[in-house]
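**Q** Please see the structure below; I have some questions.
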Amino acid sequence: MTDVAVVGFSQAPHERRTSGTTNGVEMLVPIFREVFAATGLSKRDIGFWCSGSSDYLAGRAFSFISAIDALGAVPPITESHVEADAAWALYEAYLKIRTGEADTALVYGFGKSSAGDLRRILALQLDPYLVAPLWPDSVSIAGLQARLGIEAGLWSERDMAQVAMRSRRDAADNPAAQLAKSADVDELLAQPYLADPLRVHDCAPITDGAAVVVLANADRACNIVENPAWITGFEHRVDSGQLGGRDLTTSPSTSAAAKAAGADGVEVAELHAPFTHQELLLRAAIGLSDSVRINPSGGALAGNPMFAAGLTRIGEAATQIMRGTARKTLGHATSGPALQQNLICVMEGRA
Amino acid sequence: MSKNRAAVLGTGQTHHRAKRGDVSMAGLCREAIDRAMADAKVDWADIDAVVVGKAPDLFEGVMMPELYLADALGAVGKPLLRVHTAGSVGGATAIVAASLIQSGVHQRVLAVAWEKQSESNAMWALSIPVPFSMPVHAGAGGYFAPHVRSYIRRSGAPAHIGSLVAVKDRLNGAKNPYAHLRQPDITFESVQASAMLWDPIRYDETCPSSDGACAIVLGDERAATAVDRPAWLHATAMRSEPTTFAGRDQVNPQAGRDAAAALWRQAGITDPLAEVDVAEIYVPFSWFEPMWLENLGFTPEGDGWKLTEAGATAMGGALPVNPSGGVLSSNPIGASGMLRFAEAAMQVMGRAGDHQVDGARTALGHAYGGGSQFFSMWVVGSERP
């Protein structure tokens with residue numbers, strides 16, 4: 001089976017409420033143009049297309065049909081879609097290239113969270129018979145998880161505030177970031193709770209955004225970029241959907257995916273942690289040492305475009321290799337309540 | 001480098017009904033999964049990954065229901081992938097599951113597709129106004145009826161062809177113990193007497209709305225050789241095109257023609273009508289049988305209805321189409337495509353019971369979705385490719 005590499009990445013600016021799109025897909029047009037310019041590829045060169053989006057976020061059935069219009073799929077294309085973060089679409093595309101059916105693939109995700117009430121929409125991911133009717137929203141569930149970790153002595157509110165400060169200050173170098181500055185930890189801890197023990201700074205912002213990643217096989221990758229980010233491990237797992245049926249202070253799915261993907265020795269990790277305590281939880285689950293640079297982009301705490309944020313982490317981690325600033329990195333994506341489903345993509349440079 | 005071989009090891013489905021009030025969504029999926037795993041003679045430890053497909057989440061009112069269903073689907077601790085490509089999704093789900101094996105990543109994969117339409121109202125879910133888009137508010141029948149009228153005008157097909165298909169598929173469905181509609185007494189006259197819903201589509205020429213699920217266990221070459229008569233994958237193809245664009249042919253869409261051409265090429269089939277023994281084609285409104293026969297290349301353009309009129313698509317004909325009873329007999333939307341793919345496999349495995357086509361060795365499974373714009377299809381055979 002052929003090796004597969006990330007050869008291109010582009011993302012829309014992360015905005016609280018964009019006026020540039022009604023259904024989300026207009027955000028794709030400029031970033032397609034950008035990634036085609038950077039890779040020297042055109043629409044006709046792409047062997048397989050795959051996307052991630054959500055009908056519930058868009059408030060309509062078949063949200064991805066509008067995207068087919070945006071990419072101008074004439075003549076017809078070989079295309080698929082996952083109802084999940086586009087990181088899982090990237091996985092499907094990675095398989096397609098490995099089978100030899102495509103040389104290149106373009107993967108995109110998009111979400112316009114400002115169109116609805118995100119906290120309540122995400123409550124509809126829960127057991128529809130016994131849990132969802134109570135409307136436990138996503139921030140409250142994350143608050144329960146954070147509280148369990150604090151009581152178990154795994155992290156403190158101060159640790160969490162430090163994650164927020166570091167992430168948002170790092171985001172100063174990320175032109176796409178929505179939030180790119182932070183007060184000091186003591187000032188953050190003086191703020192009121194949003195959902196005890198979470199304060200506003202512990203939560204990812206609500207973001208409109210989109211991202212695109214281009215993959216290529218071994219024959220094509222080196223002709224597209226000087227330094228492809230070769231995928232050396234790509235794994236994902238899911239945990240129980242019953243919140244009471246798993247230990248919310250651990251993430252067995254992350255640990256298993258990281259082990260299978262060979263995450264040891266990464267220099268940079270881009271973790272999809274929409275809440276500060278989740279970064280701490282993920283670092284432990286993957287087994288990342290203190291020397292690993294976490295989320296130099298600012299991570300999801302600086303901008304969290306639903307259904308594109310996980311793909312964005314992989315794109316950011318790949319960029320570190322393509323730019324020659326790291327030799328081995330990982331991108332992580334999560335889906336579902338309280339880190340239920342997790343994906344790890346490990347990439348290496350060969351320069 | 002070529003891909004690894006893959007095969008269907010077993011299939012399973014629910015008893016499809018208008019309302020399965022006796023099971024939850026989890027119970028519905030599990031009914032199909034348990035049958036597929038028993039058919040494939042595998043246990044949970046043998047399953048490496050789970051791929052789930054269904055049409056819009058608004059049909060049940062649960063966002064990404066595979067998350068809550070992870071336990072019931074046996075996916076906990078394993079990779080779980082959710083596919084959504086409109087009405088073609090059941091087929092696309094099987095193809096994605098196959099790629100998990102063809103890429104050398106896994107040995108055995110469980111694919112599940114389902115819809116529990118009674119939980120909600122599909123007409124409502126499909127009619128949400130989208131800003132700056134033309135509202136249809138017509139449901140699928142109102143949307144596709146003009147395509148059918150256009151087909152009749154272009155091909156010169158006689159007006160009774162649609163009723164012939166409806167009678168054939170419903171009589172086939174009467175032999176399928178899992179079918180939603182089982183109408184052994186249906187006649188050409190009774191179909192013609194049924195109400196005209198969207199001219200020229202009558203009530204009896206329309207698919208039902210069903211609760212149902214389908215599951216397929218796929219395996220690699222080693223897993224397949226351990227099974228008695230697996231269905232080997234000979235080819236898979238998917239194509240998409242936009243809903244509207246200048247010059248688009250909605251009656252005979254290019255995406256479908258391109259997918260079929262790629263499929264036959266991959267399967268090494270040069271004369272589909274002669275080389276394919278049985279076809280399960282996604283026919284939600286009876287007129288789509290002749291339309292897709294042409295789009296798939298079984299006949300030249302304009303000649304599909306002649307095959308139907310001559311009885312060639314009936315059991316015992318040159319190309320039996322939809323021996324399961326097809327979408328006209330059962331339509332749990334998200335599962336409908338996979339039911340076509342599963343029936344194709346059952347036929348070449350010799351496991352189709354009373355609707356078995358004698359000596360079927362090569363079979364087509366086909367699905368489409370959206371405004372006739374998303375296509376997925378596979379060819380399976382009794383011989384290792």
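Simple scheme: letters A, B, ... for chains in structure tokens order, numbers from 1 for residues in each chain, numbers from 1 for ligands in the order shown.
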Mind listing the helix (DSSP H, G or I) residues of region 14-221 of chain B, per DSSP on the backbone, as a PyMOL selection string?
**A** chain B and resi 25-40+44-46+57-59+89-102+117-119+122-125+139-155+161-173+188-193+203-205+221
**Q** Can you write just those residues out, C-alpha atoms, as a PDB file, in the first residue's frame?
**A**
ATOM      1  CA  MET B  25     -33.408   2.867  17.321  1.00  0.00           C
ATOM      2  CA  ALA B  26     -30.748   0.741  18.993  1.00  0.00           C
ATOM      3  CA  GLY B  27     -32.983  -2.325  18.917  1.00  0.00           C
ATOM      4  CA  LEU B  28     -33.752  -1.799  15.247  1.00  0.00           C
ATOM      5  CA  CYS B  29     -30.046  -1.642  14.324  1.00  0.00           C
ATOM      6  CA  ARG B  30     -29.225  -4.600  16.516  1.00  0.00           C
ATOM      7  CA  GLU B  31     -31.916  -6.769  14.887  1.00  0.00           C
ATOM      8  CA  ALA B  32     -30.167  -6.385  11.515  1.00  0.00           C
ATOM      9  CA  ILE B  33     -26.669  -6.679  13.017  1.00  0.00           C
ATOM     10  CA  ASP B  34     -27.451  -9.893  14.912  1.00  0.00           C
ATOM     11  CA  ARG B  35     -28.795 -11.511  11.733  1.00  0.00           C
ATOM     12  CA  ALA B  36     -25.781 -10.397   9.681  1.00  0.00           C
ATOM     13  CA  MET B  37     -23.300 -11.676  12.265  1.00  0.00           C
ATOM     14  CA  ALA B  38     -25.114 -15.002  12.520  1.00  0.00           C
ATOM     15  CA  ASP B  39     -25.151 -15.254   8.718  1.00  0.00           C
ATOM     16  CA  ALA B  40     -21.399 -14.503   8.598  1.00  0.00           C
ATOM     17  CA  TRP B  44     -17.976  -9.375  18.331  1.00  0.00           C
ATOM     18  CA  ALA B  45     -14.286 -10.166  18.843  1.00  0.00           C
ATOM     19  CA  ASP B  46     -14.013 -10.778  15.076  1.00  0.00           C
ATOM     20  CA  ASP B  57     -30.491  13.169  11.286  1.00  0.00           C
ATOM     21  CA  LEU B  58     -33.670  15.264  11.186  1.00  0.00           C
ATOM     22  CA  PHE B  59     -35.546  12.086  10.204  1.00  0.00           C
ATOM     23  CA  VAL B  89     -25.857   6.456   1.728  1.00  0.00           C
ATOM     24  CA  GLY B  90     -26.619   2.771   2.264  1.00  0.00           C
ATOM     25  CA  GLY B  91     -24.475   1.928  -0.740  1.00  0.00           C
ATOM     26  CA  ALA B  92     -21.799   4.470   0.159  1.00  0.00           C
ATOM     27  CA  THR B  93     -21.598   2.974   3.664  1.00  0.00           C
ATOM     28  CA  ALA B  94     -20.900  -0.493   2.257  1.00  0.00           C
ATOM     29  CA  ILE B  95     -18.265   0.976  -0.073  1.00  0.00           C
ATOM     30  CA  VAL B  96     -16.520   2.847   2.761  1.00  0.00           C
ATOM     31  CA  ALA B  97     -16.568  -0.351   4.837  1.00  0.00           C
ATOM     32  CA  ALA B  98     -15.026  -2.176   1.875  1.00  0.00           C
ATOM     33  CA  SER B  99     -12.260   0.421   1.626  1.00  0.00           C
ATOM     34  CA  LEU B 100     -11.300  -0.308   5.255  1.00  0.00           C
ATOM     35  CA  ILE B 101     -10.485  -3.816   4.060  1.00  0.00           C
ATOM     36  CA  GLN B 102      -9.201  -3.022   0.569  1.00  0.00           C
ATOM     37  CA  GLN B 117     -38.825   7.207   9.755  1.00  0.00           C
ATOM     38  CA  SER B 118     -41.778   6.855  12.095  1.00  0.00           C
ATOM     39  CA  GLU B 119     -39.846   8.856  14.731  1.00  0.00           C
ATOM     40  CA  ALA B 122     -39.553  12.943   6.343  1.00  0.00           C
ATOM     41  CA  MET B 123     -41.622  15.414   4.327  1.00  0.00           C
ATOM     42  CA  TRP B 124     -41.043  18.034   7.043  1.00  0.00           C
ATOM     43  CA  ALA B 125     -37.364  17.203   7.395  1.00  0.00           C
ATOM     44  CA  GLY B 139     -41.521  15.908  -1.142  1.00  0.00           C
ATOM     45  CA  ALA B 140     -39.668  13.416  -3.297  1.00  0.00           C
ATOM     46  CA  GLY B 141     -42.652  12.469  -5.475  1.00  0.00           C
ATOM     47  CA  GLY B 142     -43.387  16.025  -6.533  1.00  0.00           C
ATOM     48  CA  TYR B 143     -39.706  16.583  -7.174  1.00  0.00           C
ATOM     49  CA  PHE B 144     -39.171  13.520  -9.393  1.00  0.00           C
ATOM     50  CA  ALA B 145     -42.505  13.477 -11.299  1.00  0.00           C
ATOM     51  CA  PRO B 146     -41.316  16.080 -13.859  1.00  0.00           C
ATOM     52  CA  HIS B 147     -38.226  13.945 -14.512  1.00  0.00           C
ATOM     53  CA  VAL B 148     -40.467  10.973 -15.237  1.00  0.00           C
ATOM     54  CA  ARG B 149     -42.690  13.015 -17.564  1.00  0.00           C
ATOM     55  CA  SER B 150     -39.589  14.183 -19.362  1.00  0.00           C
ATOM     56  CA  TYR B 151     -38.405  10.572 -19.700  1.00  0.00           C
ATOM     57  CA  ILE B 152     -41.740   9.496 -21.194  1.00  0.00           C
ATOM     58  CA  ARG B 153     -41.629  12.359 -23.685  1.00  0.00           C
ATOM     59  CA  ARG B 154     -38.025  11.689 -24.681  1.00  0.00           C
ATOM     60  CA  SER B 155     -38.257   7.905 -24.946  1.00  0.00           C
ATOM     61  CA  ILE B 161     -44.722   0.848 -18.156  1.00  0.00           C
ATOM     62  CA  GLY B 162     -44.740   2.309 -14.661  1.00  0.00           C
ATOM     63  CA  SER B 163     -47.585   0.032 -13.615  1.00  0.00           C
ATOM     64  CA  LEU B 164     -45.814  -3.044 -15.019  1.00  0.00           C
ATOM     65  CA  VAL B 165     -42.810  -2.315 -12.802  1.00  0.00           C
ATOM     66  CA  ALA B 166     -44.990  -1.769  -9.743  1.00  0.00           C
ATOM     67  CA  VAL B 167     -46.785  -5.116 -10.164  1.00  0.00           C
ATOM     68  CA  LYS B 168     -43.502  -6.983 -10.716  1.00  0.00           C
ATOM     69  CA  ASP B 169     -41.700  -5.459  -7.728  1.00  0.00           C
ATOM     70  CA  ARG B 170     -44.627  -5.899  -5.332  1.00  0.00           C
ATOM     71  CA  LEU B 171     -45.066  -9.540  -6.398  1.00  0.00           C
ATOM     72  CA  ASN B 172     -41.342 -10.070  -5.804  1.00  0.00           C
ATOM     73  CA  GLY B 173     -41.704  -8.377  -2.424  1.00  0.00           C
ATOM     74  CA  PHE B 188     -52.000  -4.431 -13.236  1.00  0.00           C
ATOM     75  CA  GLU B 189     -55.612  -3.277 -13.005  1.00  0.00           C
ATOM     76  CA  SER B 190     -55.421  -2.539  -9.284  1.00  0.00           C
ATOM     77  CA  VAL B 191     -52.252  -0.462  -9.774  1.00  0.00           C
ATOM     78  CA  GLN B 192     -53.845   1.481 -12.612  1.00  0.00           C
ATOM     79  CA  ALA B 193     -56.918   2.101 -10.452  1.00  0.00           C
ATOM     80  CA  TYR B 203     -50.029   5.643  -5.295  1.00  0.00           C
ATOM     81  CA  ASP B 204     -49.147   2.017  -6.074  1.00  0.00           C
ATOM     82  CA  GLU B 205     -46.154   3.138  -8.140  1.00  0.00           C
ATOM     83  CA  GLU B 221      -9.422 -12.630   1.420  1.00  0.00           C
TER      84      GLU B 221
END
**Q** Go through region 62-86 of chain A and flag each residue having an atom no more than 9 Å from region 249-269 of chain B; for those, report the closest pair of atoms plus their distance in Å to one decimal, using only C-alpha atoms, ordered by chain and rising number, as CSV.
**A**
residue,atom,partner,partner_atom,distance
A:Pro75,CA,B:Gln254,CA,7.8
A:Pro76,CA,B:Ala255,CA,5.2
A:Ile77,CA,B:Ala255,CA,7.6
A:Thr78,CA,B:Ala259,CA,8.6
**Q** Write out the residues from the selection above, keeping N, CA, C and O atoms, as a compact mmCIF listing (two decimals), in the first residue's frame.
**A**
# COMPACT_ATOMS: atom_id res chain seq x y z
N PRO A 75 -17.26 18.39 -14.54
CA PRO A 75 -17.94 17.08 -14.58
C PRO A 75 -17.99 16.43 -13.19
O PRO A 75 -17.28 16.86 -12.28
N PRO A 76 -18.84 15.38 -13.07
CA PRO A 76 -19.05 14.74 -11.77
C PRO A 76 -17.75 14.28 -11.11
O PRO A 76 -16.77 13.98 -11.80
N ILE A 77 -17.78 14.22 -9.79
CA ILE A 77 -16.59 13.86 -9.01
C ILE A 77 -16.85 12.60 -8.18
O ILE A 77 -18.01 12.23 -7.95
N THR A 78 -15.77 11.96 -7.76
CA THR A 78 -15.87 10.86 -6.81
C THR A 78 -15.81 11.48 -5.43
O THR A 78 -14.81 12.13 -5.08
**Q** Residues near Ala87 (chain A), anyone? I mean within 8 Å using only C-alpha atoms, not counting same-chain ones fewer than 6 positions away, as a list in words.
**A**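 My list of contacting residues is Gly52, Ala308, Gly310, Leu311, Ile314, Ala333 and Leu343 of chain A.
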**Q** Name the residues of region 22-209 of chain B that come out as strand (DSSP E) in a backbone DSSP run; write them as a VMD selection string.
**A** chain B and resid 49 to 53 80 to 83 108 to 116 196 to 198 201 to 202
**Q** I'd like the contact shell of Arg166 (chain A) - 12 Å cut-off, only C-alpha atoms, skipping same-chain residues fewer than 2 positions apart - returned as an MDAnalysis selection string.
**A** chainID A and resid 159:164 168:172 179:185 201:202 276 279 293:299 301:302
**Q** For those residues, write N, CA and C atoms to a file as a PDB file, in the first residue's frame.
**A**
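The resulting file, result-v5.pdb, is reproduced below:
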ATOM      1  N   ASP A 159      -4.561  25.188  37.026  1.00  0.00           N
ATOM      2  CA  ASP A 159      -3.988  24.484  35.854  1.00  0.00           C
ATOM      3  C   ASP A 159      -4.798  24.828  34.604  1.00  0.00           C
ATOM      4  N   MET A 160      -6.106  24.820  34.761  1.00  0.00           N
ATOM      5  CA  MET A 160      -6.989  25.073  33.613  1.00  0.00           C
ATOM      6  C   MET A 160      -6.790  26.502  33.101  1.00  0.00           C
ATOM      7  N   ALA A 161      -6.692  27.461  34.019  1.00  0.00           N
ATOM      8  CA  ALA A 161      -6.506  28.863  33.611  1.00  0.00           C
ATOM      9  C   ALA A 161      -5.166  29.029  32.875  1.00  0.00           C
ATOM     10  N   GLN A 162      -4.167  28.271  33.308  1.00  0.00           N
ATOM     11  CA  GLN A 162      -2.869  28.356  32.626  1.00  0.00           C
ATOM     12  C   GLN A 162      -2.968  27.880  31.175  1.00  0.00           C
ATOM     13  N   VAL A 163      -3.759  26.825  30.967  1.00  0.00           N
ATOM     14  CA  VAL A 163      -3.968  26.328  29.597  1.00  0.00           C
ATOM     15  C   VAL A 163      -4.618  27.428  28.751  1.00  0.00           C
ATOM     16  N   ALA A 164      -5.612  28.091  29.333  1.00  0.00           N
ATOM     17  CA  ALA A 164      -6.318  29.148  28.600  1.00  0.00           C
ATOM     18  C   ALA A 164      -5.367  30.289  28.249  1.00  0.00           C
ATOM     19  N   ARG A 168      -4.265  31.219  24.321  1.00  0.00           N
ATOM     20  CA  ARG A 168      -4.719  32.462  23.693  1.00  0.00           C
ATOM     21  C   ARG A 168      -3.537  33.380  23.412  1.00  0.00           C
ATOM     22  N   ARG A 169      -2.482  33.297  24.218  1.00  0.00           N
ATOM     23  CA  ARG A 169      -1.305  34.113  23.904  1.00  0.00           C
ATOM     24  C   ARG A 169      -0.561  33.542  22.695  1.00  0.00           C
ATOM     25  N   ASP A 170      -0.503  32.191  22.586  1.00  0.00           N
ATOM     26  CA  ASP A 170       0.122  31.586  21.398  1.00  0.00           C
ATOM     27  C   ASP A 170      -0.634  31.955  20.127  1.00  0.00           C
ATOM     28  N   ALA A 171      -1.938  32.120  20.247  1.00  0.00           N
ATOM     29  CA  ALA A 171      -2.765  32.407  19.072  1.00  0.00           C
ATOM     30  C   ALA A 171      -2.444  33.761  18.452  1.00  0.00           C
ATOM     31  N   ALA A 172      -1.636  34.577  19.154  1.00  0.00           N
ATOM     32  CA  ALA A 172      -1.244  35.873  18.588  1.00  0.00           C
ATOM     33  C   ALA A 172      -0.522  35.691  17.256  1.00  0.00           C
ATOM     34  N   LEU A 179      -9.712  34.408  19.101  1.00  0.00           N
ATOM     35  CA  LEU A 179      -9.294  34.993  20.381  1.00  0.00           C
ATOM     36  C   LEU A 179      -7.780  34.880  20.471  1.00  0.00           C
ATOM     37  N   ALA A 180      -7.076  36.004  20.660  1.00  0.00           N
ATOM     38  CA  ALA A 180      -5.621  35.940  20.604  1.00  0.00           C
ATOM     39  C   ALA A 180      -4.944  36.776  21.694  1.00  0.00           C
ATOM     40  N   LYS A 181      -5.622  36.921  22.818  1.00  0.00           N
ATOM     41  CA  LYS A 181      -4.919  37.499  23.961  1.00  0.00           C
ATOM     42  C   LYS A 181      -5.586  37.034  25.248  1.00  0.00           C
ATOM     43  N   SER A 182      -4.847  37.122  26.334  1.00  0.00           N
ATOM     44  CA  SER A 182      -5.378  36.620  27.601  1.00  0.00           C
ATOM     45  C   SER A 182      -4.840  37.443  28.758  1.00  0.00           C
ATOM     46  N   ALA A 183      -5.671  37.593  29.765  1.00  0.00           N
ATOM     47  CA  ALA A 183      -5.225  38.190  31.029  1.00  0.00           C
ATOM     48  C   ALA A 183      -4.361  37.174  31.780  1.00  0.00           C
ATOM     49  N   ASP A 184      -3.727  37.603  32.858  1.00  0.00           N
ATOM     50  CA  ASP A 184      -2.926  36.698  33.685  1.00  0.00           C
ATOM     51  C   ASP A 184      -3.824  35.697  34.414  1.00  0.00           C
ATOM     52  N   VAL A 185      -3.198  34.619  34.868  1.00  0.00           N
ATOM     53  CA  VAL A 185      -3.949  33.552  35.526  1.00  0.00           C
ATOM     54  C   VAL A 185      -4.735  34.072  36.730  1.00  0.00           C
ATOM     55  N   HIS A 201     -13.175  31.633  30.227  1.00  0.00           N
ATOM     56  CA  HIS A 201     -11.886  31.351  29.578  1.00  0.00           C
ATOM     57  C   HIS A 201     -11.619  29.859  29.415  1.00  0.00           C
ATOM     58  N   ASP A 202     -12.335  29.008  30.154  1.00  0.00           N
ATOM     59  CA  ASP A 202     -12.145  27.555  30.042  1.00  0.00           C
ATOM     60  C   ASP A 202     -12.837  26.966  28.819  1.00  0.00           C
ATOM     61  N   THR A 276     -10.565  23.726  28.641  1.00  0.00           N
ATOM     62  CA  THR A 276      -9.179  23.701  29.138  1.00  0.00           C
ATOM     63  C   THR A 276      -8.813  22.374  29.797  1.00  0.00           C
ATOM     64  N   GLU A 279      -7.689  19.510  27.523  1.00  0.00           N
ATOM     65  CA  GLU A 279      -6.295  19.443  27.062  1.00  0.00           C
ATOM     66  C   GLU A 279      -5.454  18.654  28.067  1.00  0.00           C
ATOM     67  N   ARG A 293       5.488  20.421  22.621  1.00  0.00           N
ATOM     68  CA  ARG A 293       4.831  21.715  22.421  1.00  0.00           C
ATOM     69  C   ARG A 293       3.364  21.461  22.098  1.00  0.00           C
ATOM     70  N   ILE A 294       2.452  22.041  22.906  1.00  0.00           N
ATOM     71  CA  ILE A 294       1.014  21.808  22.721  1.00  0.00           C
ATOM     72  C   ILE A 294       0.365  23.025  22.061  1.00  0.00           C
ATOM     73  N   ASN A 295      -0.360  22.780  21.004  1.00  0.00           N
ATOM     74  CA  ASN A 295      -1.199  23.791  20.352  1.00  0.00           C
ATOM     75  C   ASN A 295      -0.519  25.139  20.108  1.00  0.00           C
ATOM     76  N   PRO A 296       0.584  25.147  19.349  1.00  0.00           N
ATOM     77  CA  PRO A 296       1.180  26.451  19.019  1.00  0.00           C
ATOM     78  C   PRO A 296       0.228  27.364  18.243  1.00  0.00           C
ATOM     79  N   SER A 297      -0.798  26.801  17.642  1.00  0.00           N
ATOM     80  CA  SER A 297      -1.784  27.616  16.901  1.00  0.00           C
ATOM     81  C   SER A 297      -2.754  28.319  17.848  1.00  0.00           C
ATOM     82  N   GLY A 298      -2.759  27.906  19.113  1.00  0.00           N
ATOM     83  CA  GLY A 298      -3.777  28.392  20.048  1.00  0.00           C
ATOM     84  C   GLY A 298      -4.875  27.372  20.263  1.00  0.00           C
ATOM     85  N   GLY A 299      -4.971  26.396  19.348  1.00  0.00           N
ATOM     86  CA  GLY A 299      -5.948  25.312  19.506  1.00  0.00           C
ATOM     87  C   GLY A 299      -7.390  25.768  19.419  1.00  0.00           C
ATOM     88  N   LEU A 301      -9.305  26.543  21.719  1.00  0.00           N
ATOM     89  CA  LEU A 301      -9.647  27.626  22.653  1.00  0.00           C
ATOM     90  C   LEU A 301      -9.505  28.999  21.999  1.00  0.00           C
ATOM     91  N   ALA A 302      -8.776  29.049  20.876  1.00  0.00           N
ATOM     92  CA  ALA A 302      -8.631  30.317  20.157  1.00  0.00           C
ATOM     93  C   ALA A 302      -9.603  30.432  18.987  1.00  0.00           C
TER      94      ALA A 302
END
**Q** Kindly give the distance, in Å, that separates CA of Gly72 (chain A) and CA of Ser42 (chain A), rounded to a single decimal.
**A**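 The value is 12.0 Å.
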**Q** Within 8 Å of region 177-182 of chain B, which residues of region 6-51 of chain B come that close, and what is the closest atom pair and distance in Å for each? Count only C-alpha atoms and give it as a tab-separated table.
**A**
residue	atom	partner	partner_atom	distance
B:Gln13	CA	B:Tyr178	CA	7.3
B:Thr14	CA	B:Tyr178	CA	6.5
B:His15	CA	B:Tyr178	CA	4.4
B:His16	CA	B:His180	CA	4.7
B:Arg17	CA	B:His180	CA	4.9
B:Ala18	CA	B:His180	CA	7.2
**Q** Counting only C-alpha atoms, figure out which residue out of B:Pro65, B:Gly212, B:Gly381, B:Pro320 gets nearest to Gly21 (chain B).
**A**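 Using only C-alpha atoms, the shortest distance to Gly21 (chain B) belongs to B:Gly212.
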**Q** Counting only C-alpha atoms, collect the residues of chain B whose closest atom lies at most 7 Å from chain A, and write them out as a ChimeraX atom specification.
**A** /B:1-3,56-58,62-65,67-71,75-80,82-86,99-100,102-103,125-126,128,131,238-242,254-255
**Q** Write out as a list of chain:residue names the residues lying within 7 Å of region 363-366 of chain B, counting only C-alpha atoms and excluding same-chain residues fewer than 5 positions away.
**A**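 Near region 363-366 of chain B, the qualifying residues are B:Val276, B:Asp277, B:Val278, B:Ala279, B:Glu280, B:Ile281, B:Tyr282, B:Gly337, B:Arg340, B:Phe341, B:Ala344, B:Val348, B:Ser376, B:Met377, B:Trp378, B:Val379, B:Val380, B:Gly381.
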**Q** Using only C-alpha atoms, determine which residues lie at most 12 Å from Ser289 (chain A), disregarding the query and same-chain residues fewer than 3 positions distant; provide the list as a PyMOL selection string.
**A** chain A and resi 263-269+280+282-286+292-294
**Q** Atoms to include: C-alpha atoms. Write the selected residues as a short mmCIF file (atom, residue, chain, number, x, y, z; two decimals), in the first residue's frame.
**A**
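Once written, out_30.cif looks like this:
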data_model
loop_
_atom_site.label_atom_id
_atom_site.label_comp_id
_atom_site.auth_asym_id
_atom_site.auth_seq_id
_atom_site.Cartn_x
_atom_site.Cartn_y
_atom_site.Cartn_z
CA ALA A 263 2.47 8.87 19.04
CA ASP A 264 5.73 8.45 20.98
CA GLY A 265 8.37 11.03 20.15
CA VAL A 266 6.18 13.76 18.70
CA GLU A 267 7.62 17.26 19.11
CA VAL A 268 4.36 19.14 18.56
CA ALA A 269 0.79 18.06 19.35
CA LEU A 280 -4.90 18.24 30.38
CA LEU A 282 -5.78 14.38 26.56
CA ARG A 283 -2.11 15.02 27.33
CA ALA A 284 -2.27 12.34 30.01
CA ALA A 285 -4.25 9.94 27.81
CA ILE A 286 -1.74 10.22 24.95
CA VAL A 292 6.02 18.41 23.80
CA ARG A 293 4.83 21.71 22.42
CA ILE A 294 1.01 21.81 22.72
#
**Q** Hey, can you check how far CA of Ala12 (chain A) sits from CA of Asn174 (chain A)?
**A**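 The value is 11.8 Å.
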**Q** In Å, with one decimal, what is the gap from CA of Pro208 (chain B) to CA of Gly325 (chain B)?
**A**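 Between these atoms lies a distance of 11.8 Å.
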**Q** What's around Ile47 (chain B) at 7 Å? Count only C-alpha atoms, leave out sequence neighbours fewer than 5 positions away in its own chain, and write the answer as a list in words.
**A**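 Surrounding residues, per the criterion: Arg108, Val109 and Leu110 of chain B.
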**Q** For the selection just defined, write its residues with N, CA and C atoms to a file, as a PDB file, in the first residue's frame.
**A**
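Saved the output as selection.pdb:
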ATOM      1  N   ARG B 108     -12.007  -7.675   9.262  1.00  0.00           N
ATOM      2  CA  ARG B 108     -13.472  -7.820   9.203  1.00  0.00           C
ATOM      3  C   ARG B 108     -14.136  -6.530   9.684  1.00  0.00           C
ATOM      4  N   VAL B 109     -15.100  -6.042   8.923  1.00  0.00           N
ATOM      5  CA  VAL B 109     -15.756  -4.770   9.228  1.00  0.00           C
ATOM      6  C   VAL B 109     -17.273  -4.964   9.177  1.00  0.00           C
ATOM      7  N   LEU B 110     -17.958  -4.350  10.126  1.00  0.00           N
ATOM      8  CA  LEU B 110     -19.418  -4.391  10.156  1.00  0.00           C
ATOM      9  C   LEU B 110     -19.966  -3.081   9.597  1.00  0.00           C
TER      10      LEU B 110
END
**Q** Taking only C-alpha atoms into account, name the residue in A:Thr104, A:Ser291, A:Thr334, A:Thr21 that is nearest to Asn217 (chain A).
**A**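 Closest to Asn217 (chain A), using only C-alpha atoms: A:Thr104.
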